[in-house]
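Text of work16.txt (compact mmCIF, C-alpha atoms and all ligand atoms) as supplied:
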# COMPACT_ATOMS: atom_id res chain seq x y z
CA MET B 17 30.02 35.47 4.49
CA GLU B 18 28.36 32.52 2.78
CA VAL B 19 26.28 30.17 4.88
CA ALA B 20 26.58 26.49 3.93
CA MET B 21 23.26 24.88 3.04
CA SER B 22 22.46 21.56 4.67
CA ILE B 23 20.70 18.75 2.87
CA PHE B 24 17.66 19.60 5.02
CA ASP B 25 17.69 23.19 3.70
CA ASP B 26 17.82 21.74 0.18
CA ILE B 27 14.75 19.58 0.88
CA SER B 28 12.81 22.44 2.45
CA LEU B 29 13.71 24.92 -0.31
CA SER B 30 12.98 22.62 -3.23
CA LEU B 31 9.60 21.81 -1.66
CA GLN B 32 8.81 25.50 -1.09
CA THR B 33 9.57 26.25 -4.73
CA GLY B 34 7.51 23.27 -5.89
CA LYS B 35 10.43 21.42 -7.52
CA LEU B 36 9.21 17.85 -7.56
CA LYS B 37 12.30 16.18 -9.06
CA GLU B 38 14.75 18.08 -6.81
CA THR B 39 12.66 17.38 -3.71
CA LYS B 40 12.64 13.64 -4.42
CA GLU B 41 16.37 13.65 -5.19
CA SER B 42 17.34 15.54 -2.05
CA VAL B 43 15.14 13.28 0.09
CA GLN B 44 16.88 10.23 -1.42
CA LEU B 45 20.30 11.85 -0.94
CA ALA B 46 19.61 12.58 2.74
CA LEU B 47 18.51 8.97 3.26
CA ASP B 48 21.58 7.67 1.39
CA GLU B 49 23.70 9.83 3.71
CA LYS B 50 22.06 7.88 6.57
CA HIS B 51 19.99 10.70 8.00
CA SER B 52 16.95 9.30 9.80
CA ALA B 53 13.54 9.20 8.14
CA ASN B 54 12.24 11.38 10.98
CA GLU B 55 14.81 14.11 10.27
CA VAL B 56 13.91 14.05 6.59
CA LEU B 57 10.19 14.21 7.44
CA ASN B 58 10.87 17.25 9.64
CA ALA B 59 12.61 18.98 6.71
CA LEU B 60 9.61 18.33 4.46
CA MET B 61 7.21 19.53 7.16
CA ASP B 62 9.34 22.63 7.71
CA GLY B 63 9.07 23.49 4.01
CA MET B 64 5.30 22.97 3.98
CA SER B 65 4.83 25.03 7.11
CA ILE B 66 6.76 27.95 5.54
CA VAL B 67 4.50 27.69 2.47
CA GLY B 68 1.48 27.68 4.80
CA ASP B 69 2.66 30.84 6.58
CA LYS B 70 3.27 32.63 3.29
CA PHE B 71 -0.17 31.56 2.03
CA LYS B 72 -1.77 33.03 5.15
CA LYS B 73 0.04 36.33 4.57
CA ASN B 74 -0.97 36.35 0.86
CA GLU B 75 2.69 36.13 -0.14
CA VAL B 76 1.93 33.00 -2.21
CA PHE B 77 -1.37 31.79 -3.70
CA VAL B 78 -3.31 28.59 -4.45
CA PRO B 79 -1.18 27.47 -7.47
CA GLU B 80 2.09 27.77 -5.49
CA VAL B 81 0.57 25.82 -2.60
CA LEU B 82 -0.62 23.10 -4.96
CA ILE B 83 2.79 22.64 -6.58
CA ALA B 84 4.52 22.68 -3.17
CA ALA B 85 2.06 20.01 -2.01
CA ARG B 86 2.85 17.97 -5.13
CA ALA B 87 6.55 18.17 -4.26
CA MET B 88 5.74 17.18 -0.66
CA ASN B 89 3.79 14.16 -1.91
CA GLY B 90 6.70 13.18 -4.18
CA GLY B 91 9.13 13.42 -1.27
CA MET B 92 6.78 11.36 0.88
CA VAL B 93 6.65 8.56 -1.74
CA VAL B 94 10.46 8.26 -1.49
CA LEU B 95 10.41 8.55 2.30
CA LYS B 96 7.50 6.25 3.16
CA PRO B 97 9.31 2.86 3.12
CA TYR B 98 12.00 4.33 5.43
CA LEU B 99 9.37 5.74 7.80
CA VAL B 100 7.71 2.35 7.96
CA SER B 101 10.95 0.47 8.58
CA GLU B 102 12.01 2.98 11.28
CA GLY B 103 8.58 2.68 12.87
CA VAL B 104 7.83 6.43 12.67
CA LYS B 105 4.13 6.75 13.39
CA ALA B 106 1.78 9.42 12.03
CA LYS B 107 0.94 11.98 14.73
CA GLY B 108 -2.75 11.22 14.46
CA LYS B 109 -5.52 10.56 11.98
CA VAL B 110 -8.08 12.87 10.44
CA VAL B 111 -11.08 12.20 8.22
CA ILE B 112 -11.90 15.04 5.86
CA GLY B 113 -14.60 15.78 3.32
CA THR B 114 -16.85 18.37 1.75
CA VAL B 115 -20.35 18.12 3.18
CA LYS B 116 -23.43 16.59 1.57
CA GLY B 117 -24.76 18.45 -1.47
CA ASP B 118 -21.48 20.30 -1.99
CA LEU B 119 -19.01 19.47 -4.77
CA HIS B 120 -16.40 22.19 -4.14
CA ASP B 121 -13.13 20.51 -3.26
CA ILE B 122 -10.24 22.89 -3.98
CA GLY B 123 -10.18 24.35 -0.45
CA LYS B 124 -10.75 20.93 1.13
CA ASN B 125 -7.80 19.54 -0.85
CA LEU B 126 -5.58 22.39 0.35
CA VAL B 127 -6.58 21.73 3.96
CA LYS B 128 -5.81 18.02 3.43
CA MET B 129 -2.36 18.76 2.00
CA MET B 130 -1.46 21.21 4.76
CA ILE B 131 -2.54 18.75 7.45
CA GLU B 132 -0.53 15.96 5.79
CA GLY B 133 2.38 18.40 5.77
CA ARG B 134 2.23 18.26 9.58
CA GLY B 135 2.86 14.50 9.59
CA ILE B 136 -0.79 13.67 10.25
CA GLU B 137 -2.56 10.89 8.32
CA VAL B 138 -5.59 12.11 6.37
CA VAL B 139 -8.41 9.92 5.08
CA ASP B 140 -10.12 11.84 2.29
CA LEU B 141 -13.83 11.04 1.99
CA GLY B 142 -14.20 13.28 -1.07
CA THR B 143 -17.16 15.55 -1.73
CA ASP B 144 -20.91 15.27 -1.07
CA VAL B 145 -20.24 13.45 2.21
CA SER B 146 -23.24 12.83 4.47
CA ALA B 147 -23.10 13.32 8.23
CA GLU B 148 -23.56 9.55 8.68
CA HIS B 149 -20.58 8.85 6.43
CA PHE B 150 -18.33 11.32 8.32
CA VAL B 151 -19.19 9.66 11.62
CA GLN B 152 -18.96 6.07 10.38
CA ALA B 153 -15.59 6.79 8.77
CA ALA B 154 -14.29 8.45 11.95
CA GLN B 155 -15.30 5.34 13.91
CA ALA B 156 -13.90 2.89 11.36
CA GLU B 157 -10.61 4.79 11.07
CA ASN B 158 -10.38 5.65 14.77
CA ALA B 159 -9.81 9.27 13.74
CA GLY B 160 -9.17 12.00 16.29
CA ILE B 161 -10.60 14.79 14.14
CA ILE B 162 -13.45 15.12 11.66
CA CYS B 163 -12.79 17.98 9.20
CA CYS B 164 -15.78 19.35 7.29
CA SER B 165 -15.57 21.84 4.45
CA ALA B 166 -18.53 23.70 2.90
CA LEU B 167 -18.62 26.41 0.23
CA LEU B 168 -22.37 26.90 -0.03
CA THR B 169 -24.65 28.60 2.47
CA THR B 170 -27.19 25.89 1.61
CA THR B 171 -24.86 23.02 2.56
CA MET B 172 -23.04 24.35 5.63
CA THR B 173 -26.06 23.35 7.73
CA GLU B 174 -25.01 19.70 7.20
CA MET B 175 -22.19 20.41 9.66
CA LYS B 176 -24.74 20.62 12.46
CA ASN B 177 -25.87 17.10 11.52
CA VAL B 178 -22.26 15.88 11.80
CA VAL B 179 -22.11 17.18 15.38
CA GLN B 180 -25.45 15.55 16.20
CA LYS B 181 -24.62 12.21 14.57
CA ALA B 182 -21.30 12.12 16.44
CA GLU B 183 -23.23 12.66 19.68
CA ASN B 184 -25.77 9.95 18.78
CA ALA B 185 -22.96 7.52 17.93
CA GLY B 186 -21.36 8.15 21.35
CA ILE B 187 -18.06 9.42 19.92
CA ARG B 188 -18.48 13.13 20.63
CA ASN B 189 -16.02 13.07 23.54
CA SER B 190 -13.33 11.24 21.59
CA VAL B 191 -13.40 13.20 18.35
CA LYS B 192 -12.88 16.90 17.62
CA ILE B 193 -14.97 18.47 14.88
CA MET B 194 -13.26 21.16 12.78
CA ILE B 195 -15.17 23.19 10.23
CA GLY B 196 -14.29 25.70 7.54
CA GLY B 197 -15.02 27.06 4.09
CA ALA B 198 -15.86 30.51 2.72
CA PRO B 199 -19.37 30.96 4.23
CA VAL B 200 -18.46 29.43 7.62
CA THR B 201 -17.77 31.70 10.61
CA GLU B 202 -16.81 31.44 14.27
CA SER B 203 -20.33 32.38 15.34
CA PHE B 204 -21.74 29.60 13.12
CA ARG B 205 -19.32 27.16 14.78
CA LYS B 206 -20.58 28.20 18.21
CA SER B 207 -24.20 27.89 17.12
CA ILE B 208 -23.77 24.24 16.03
CA GLY B 209 -21.45 23.13 18.83
CA ALA B 210 -18.45 22.18 16.64
CA ASP B 211 -15.01 22.42 18.29
CA TYR B 212 -12.93 24.56 15.91
CA TYR B 213 -13.45 26.97 13.04
CA THR B 214 -10.41 28.03 11.04
CA PRO B 215 -10.44 30.49 8.15
CA ASP B 216 -7.71 28.93 6.01
CA ALA B 217 -5.80 25.73 5.31
CA ALA B 218 -2.61 26.70 7.10
CA THR B 219 -4.46 27.57 10.32
CA ALA B 220 -6.48 24.34 10.04
CA ALA B 221 -3.21 22.38 9.91
CA GLU B 222 -1.78 24.30 12.88
CA VAL B 223 -4.89 23.57 14.94
CA ALA B 224 -4.91 19.88 13.93
CA ALA B 225 -1.25 19.56 14.95
CA SER B 226 -1.93 21.27 18.29
CA ILE B 227 -4.89 18.95 18.98
CA PHE B 228 -2.72 15.86 18.47
CA ALA B 229 0.11 17.41 20.46
CA THR B 230 -2.17 17.50 23.50
CA VAL B 231 -3.75 14.06 22.97
CA LYS B 232 -1.96 11.12 24.58
CA GLY B 233 -1.04 7.93 22.70
CO1 LIG D 1 -19.14 27.37 -7.01
N1 LIG D 1 -19.93 28.74 -5.82
N2 LIG D 1 -20.96 26.66 -7.35
N3 LIG D 1 -18.26 26.18 -8.22
N4 LIG D 1 -17.61 28.43 -6.75
C1 LIG D 1 -18.99 29.60 -5.13
C2 LIG D 1 -18.62 29.02 -3.77
C3 LIG D 1 -19.84 30.94 -5.01
C4 LIG D 1 -19.42 31.83 -3.84
C5 LIG D 1 -19.77 31.69 -6.36
C6 LIG D 1 -20.62 32.94 -6.36
O1 LIG D 1 -21.81 32.89 -6.51
N5 LIG D 1 -19.99 34.08 -6.18
C7 LIG D 1 -21.29 30.38 -4.89
C8 LIG D 1 -21.79 30.10 -3.48
C9 LIG D 1 -22.81 31.12 -2.99
C10 LIG D 1 -23.20 30.78 -1.62
O2 LIG D 1 -23.71 29.76 -1.29
N6 LIG D 1 -22.94 31.74 -0.73
C11 LIG D 1 -21.19 29.12 -5.73
C12 LIG D 1 -22.29 28.47 -6.33
C13 LIG D 1 -23.66 29.12 -6.14
C14 LIG D 1 -22.16 27.26 -7.06
C15 LIG D 1 -23.27 26.46 -7.75
C16 LIG D 1 -24.59 26.33 -6.97
C17 LIG D 1 -23.48 27.13 -9.12
C18 LIG D 1 -24.63 26.57 -9.93
O3 LIG D 1 -24.55 25.45 -10.37
N7 LIG D 1 -25.64 27.39 -10.03
C19 LIG D 1 -22.60 25.10 -8.00
C20 LIG D 1 -22.82 24.15 -6.80
C21 LIG D 1 -22.34 22.76 -7.09
C22 LIG D 1 -22.36 21.94 -5.83
O4 LIG D 1 -21.40 22.01 -5.06
N8 LIG D 1 -23.44 21.20 -5.61
C23 LIG D 1 -21.16 25.49 -8.06
C24 LIG D 1 -20.21 24.80 -8.80
C25 LIG D 1 -18.87 25.14 -8.90
C26 LIG D 1 -17.86 24.45 -9.83
C27 LIG D 1 -18.09 22.93 -9.94
C28 LIG D 1 -17.99 25.07 -11.18
C29 LIG D 1 -16.50 24.89 -9.18
C30 LIG D 1 -15.95 23.88 -8.12
C31 LIG D 1 -14.80 23.05 -8.64
C32 LIG D 1 -14.15 22.28 -7.52
O5 LIG D 1 -14.14 22.64 -6.38
N9 LIG D 1 -13.60 21.15 -7.90
C33 LIG D 1 -16.91 26.15 -8.44
C34 LIG D 1 -15.99 27.13 -8.02
C35 LIG D 1 -14.54 26.94 -8.44
C36 LIG D 1 -16.37 28.24 -7.23
C37 LIG D 1 -15.53 29.46 -6.80
C38 LIG D 1 -15.34 30.31 -8.05
C39 LIG D 1 -14.16 29.18 -6.20
C40 LIG D 1 -14.17 28.26 -4.99
C41 LIG D 1 -12.75 27.87 -4.67
O6 LIG D 1 -12.29 26.80 -5.00
N10 LIG D 1 -11.98 28.80 -4.06
C42 LIG D 1 -16.46 30.15 -5.72
C43 LIG D 1 -16.43 31.67 -5.79
C44 LIG D 1 -15.25 32.23 -5.06
O7 LIG D 1 -14.88 31.76 -3.99
N11 LIG D 1 -14.67 33.25 -5.61
C45 LIG D 1 -17.76 29.48 -5.94
C46 LIG D 1 -10.56 28.61 -3.76
C47 LIG D 1 -10.40 27.81 -2.46
C48 LIG D 1 -8.92 27.68 -2.14
O8 LIG D 1 -11.03 28.54 -1.44
O9 LIG D 1 -12.70 26.68 -0.96
O10 LIG D 1 -12.86 28.97 0.20
P1 LIG D 1 -12.03 27.87 -0.37
O11 LIG D 1 -11.07 27.30 0.73
C49 LIG D 1 -10.32 28.16 1.58
C50 LIG D 1 -11.01 28.50 2.91
O12 LIG D 1 -12.40 28.63 2.78
C51 LIG D 1 -10.54 27.42 3.83
O13 LIG D 1 -9.25 27.07 3.35
C52 LIG D 1 -9.10 27.36 1.97
C53 LIG D 1 -7.87 28.22 1.72
O14 LIG D 1 -6.96 28.27 2.70
N12 LIG D 1 -11.28 26.18 4.00
C54 LIG D 1 -11.22 25.52 5.19
C55 LIG D 1 -12.00 25.45 3.14
N13 LIG D 1 -12.46 24.34 3.73
C56 LIG D 1 -11.98 24.36 5.00
C57 LIG D 1 -12.10 23.43 6.05
C58 LIG D 1 -11.47 23.72 7.26
C59 LIG D 1 -10.76 24.88 7.43
C60 LIG D 1 -10.61 25.80 6.41
O15 LIG D 1 -11.53 22.90 8.33
C61 LIG D 1 -12.04 21.62 8.19
Would you mind giving the structure from this file in C-alpha cells?
Amino acid sequence: MEVAMSIFDDISLSLQTGKLKETKESVQLALDEKHSANEVLNALMDGMSIVGDKFKKNEVFVPEVLIAARAMNGGMVVLKPYLVSEGVKAKGKVVIGTVKGDLHDIGKNLVKMMIEGRGIEVVDLGTDVSAEHFVQAAQAENAGIICCSALLTTTMTEMKNVVQKAENAGIRNSVKIMIGGAPVTESFRKSIGADYYTPDAATAAEVAASIFATVKG
C-alpha cells in the first residue's frame, strides 16, 4: 500500500537530501496552499533534526550536514517574511563563537546550523573571540546561552575566562554557558564551572532547545 506524501514530508525530505531548489519550492508551495509559517518551520526543523540524529549515529557526515543546512537556510529565506507577518518568535537567542586564539570554525558552524534548525536565533561572533566579547555580546543581544567552541588545547582555557567574565558582569544567573570542541570534556566543563558540555552539534542543539523550553518568556 502506498502512503501519500504530504507537503511537509516533501519539505523535510528535500532538506534531508540537501536539495536547495526543491526545499525552497516546497516551502513556497506549502505557503501558497495557506499552511501556516509555523507548520512550515516545524517541517524544516523536523528535517534538520533527522539529519542531526543521523550525524550522531555516523550515518551521514559533515558534507551532508552542510548541504542540508544550506537547504534549510534557503527554505528559511522564503519563510522569513511569513514568520514575521504571523508574529512567530524565535524560541530564544544564542551567541556563538570560537574562543580567542582559535581560528577553527567548521565545528562551530555546524553547531550554529543545528541550533538554528531548532528555531533558535543565533548571533555568530566568528572566530578568535575574547571572553569580554562573548559577555558583551550576550548582554547586548540579551542572549540566553553563550556557546563557546575550541579545537586547541592551548585555547580551551579561554572558556574559563568566559565563565569568570560572565560572573564579573553580573549575568551568570541569567545566561547558560555551553562548551564543546574536540579537546573539551565533561570533566573540563566541571573544572571551569560552565553549565553544559556536549560532544557534537546535534546534541548541542538538543540541549539548547531544552534550555529554552524550560525558560519562561
Ligand atoms: Co587545525 N588542528 N590547526 N587547522 N585542525 C587540529 C584541531 C589538530 C587536532 C590537528 C592535529 O594536530 N592532529 C591540532 C590541535 C592539537 C591540539 O591542540 N590538541 C591542530 C593544530 C595544532 C592547528 C595549528 C596550531 C597548526 C599550525 O599552524 N601549526 C593551527 C592553529 C590555527 C589557530 O586556530 N590559531 C591550525 C590550523 C588549521 C586550519 C586553518 C588549517 C584548519 C581550520 C579551518 C577552519 O576551521 N576554517 C585546521 C583543521 C581543518 C584541523 C582539523 C584537520 C579538522 C578540524 C575540523 O574542522 N574538524 C583538526 C584535526 C582533526 O580534527 N582531525 C585540526 C571537523 C569538525 C566538524 O569537527 O571542530 O571537532 P570539530 O567539531 C565537532 C565537535 O567537536 C563538536 O561538534 C562538531 C561536530 O558535531 N563541537 C561542539 C565543536 N564545537 C562545539 C561547541 C559546542 C558543542 C559541540 O557547544 C558550544
If we draw a sphere of 10 Å around (-20.8, 31.9, 6.5), which residues have at least one atom in it when counting all atoms listed in the file? Please report them as a tab-separated table (two decimals) with C-alpha atoms, keeping the file's coordinate frame.
chain	number	residue	atom	x	y	z
B	166	ALA	CA	-18.53	23.70	2.90
B	167	LEU	CA	-18.62	26.41	0.23
B	168	LEU	CA	-22.37	26.90	-0.03
B	169	THR	CA	-24.65	28.60	2.47
B	172	MET	CA	-23.04	24.35	5.63
B	196	GLY	CA	-14.29	25.70	7.54
B	197	GLY	CA	-15.02	27.06	4.09
B	198	ALA	CA	-15.86	30.51	2.72
B	199	PRO	CA	-19.37	30.96	4.23
B	200	VAL	CA	-18.46	29.43	7.62
B	201	THR	CA	-17.77	31.70	10.61
B	202	GLU	CA	-16.81	31.44	14.27
B	203	SER	CA	-20.33	32.38	15.34
B	204	PHE	CA	-21.74	29.60	13.12
B	205	ARG	CA	-19.32	27.16	14.78
Residue nearest Lys192 in chain B - candidates B:Val111, B:Val94, B:Leu99, B:Leu119, atoms counted: only C-alpha atoms: B:Val111
Point-to-point distance in Å for CA of Asp144 in chain B and atom C50 of ligand LIG 1 (chain D): 17.0 Å
Neighbouring residues of Val81 in chain B were defined as those with any atom within 10 Å, considering only C-alpha atoms; residues of the same chain fewer than 6 positions away were excluded. Please report them as a PyMOL selection string. chain B and resi 31-34+64+67-68+70-71+87+126+129-130
Neighbours of ligand LIG 1 (chain D) within 9 Å, counting all atoms listed in the file, as number ranges by chain? B: 68, 71-72, 77-78, 112-114, 116-128, 143-144, 162-172, 193-200, 212-221
Residue among B:Pro97, B:Gly63, B:Gly91, B:Gly186 lying closest to Thr39 in chain B, counting all atoms listed in the file: B:Gly91
Residues at most 12 Å from Ser22 in chain B, counting all atoms listed in the file, excluding those fewer than 3 positions away in the same chain, as an NGL selection string? :B and (19 or 25-29 or 42-43 or 45-46 or 49 or 51 or 56 or 59)
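The space separating CA of Val223 in chain B from CA of Val178 in chain B comes to 19.3 Å.
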How far is it from CA of Val100 in chain B to CA of Lys35 in chain B, in Å with one decimal?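 Between these atoms lies a distance of 24.7 Å.
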Nearest-residue call for Asp48 in chain B, choices B:Ala154, B:Ile161, B:Ile208, B:Ile23, using all atoms listed in the file: B:Ile23
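Residues lying within 9 Å of Asn58 in chain B, counting all atoms listed in the file and ignoring same-chain neighbours fewer than 3 positions away, are Phe24, Ala53, Asn54, Glu55, Met61, Asp62, Gly63, Arg134 and Gly135 of chain B.
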Option closest in space to Met88 in chain B, from B:Val151, B:Met21, B:Ala182, B:Leu60 [counting all atoms listed in the file]: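 Once distances to Met88 in chain B are computed over all atoms listed in the file, the minimum belongs to B:Leu60.
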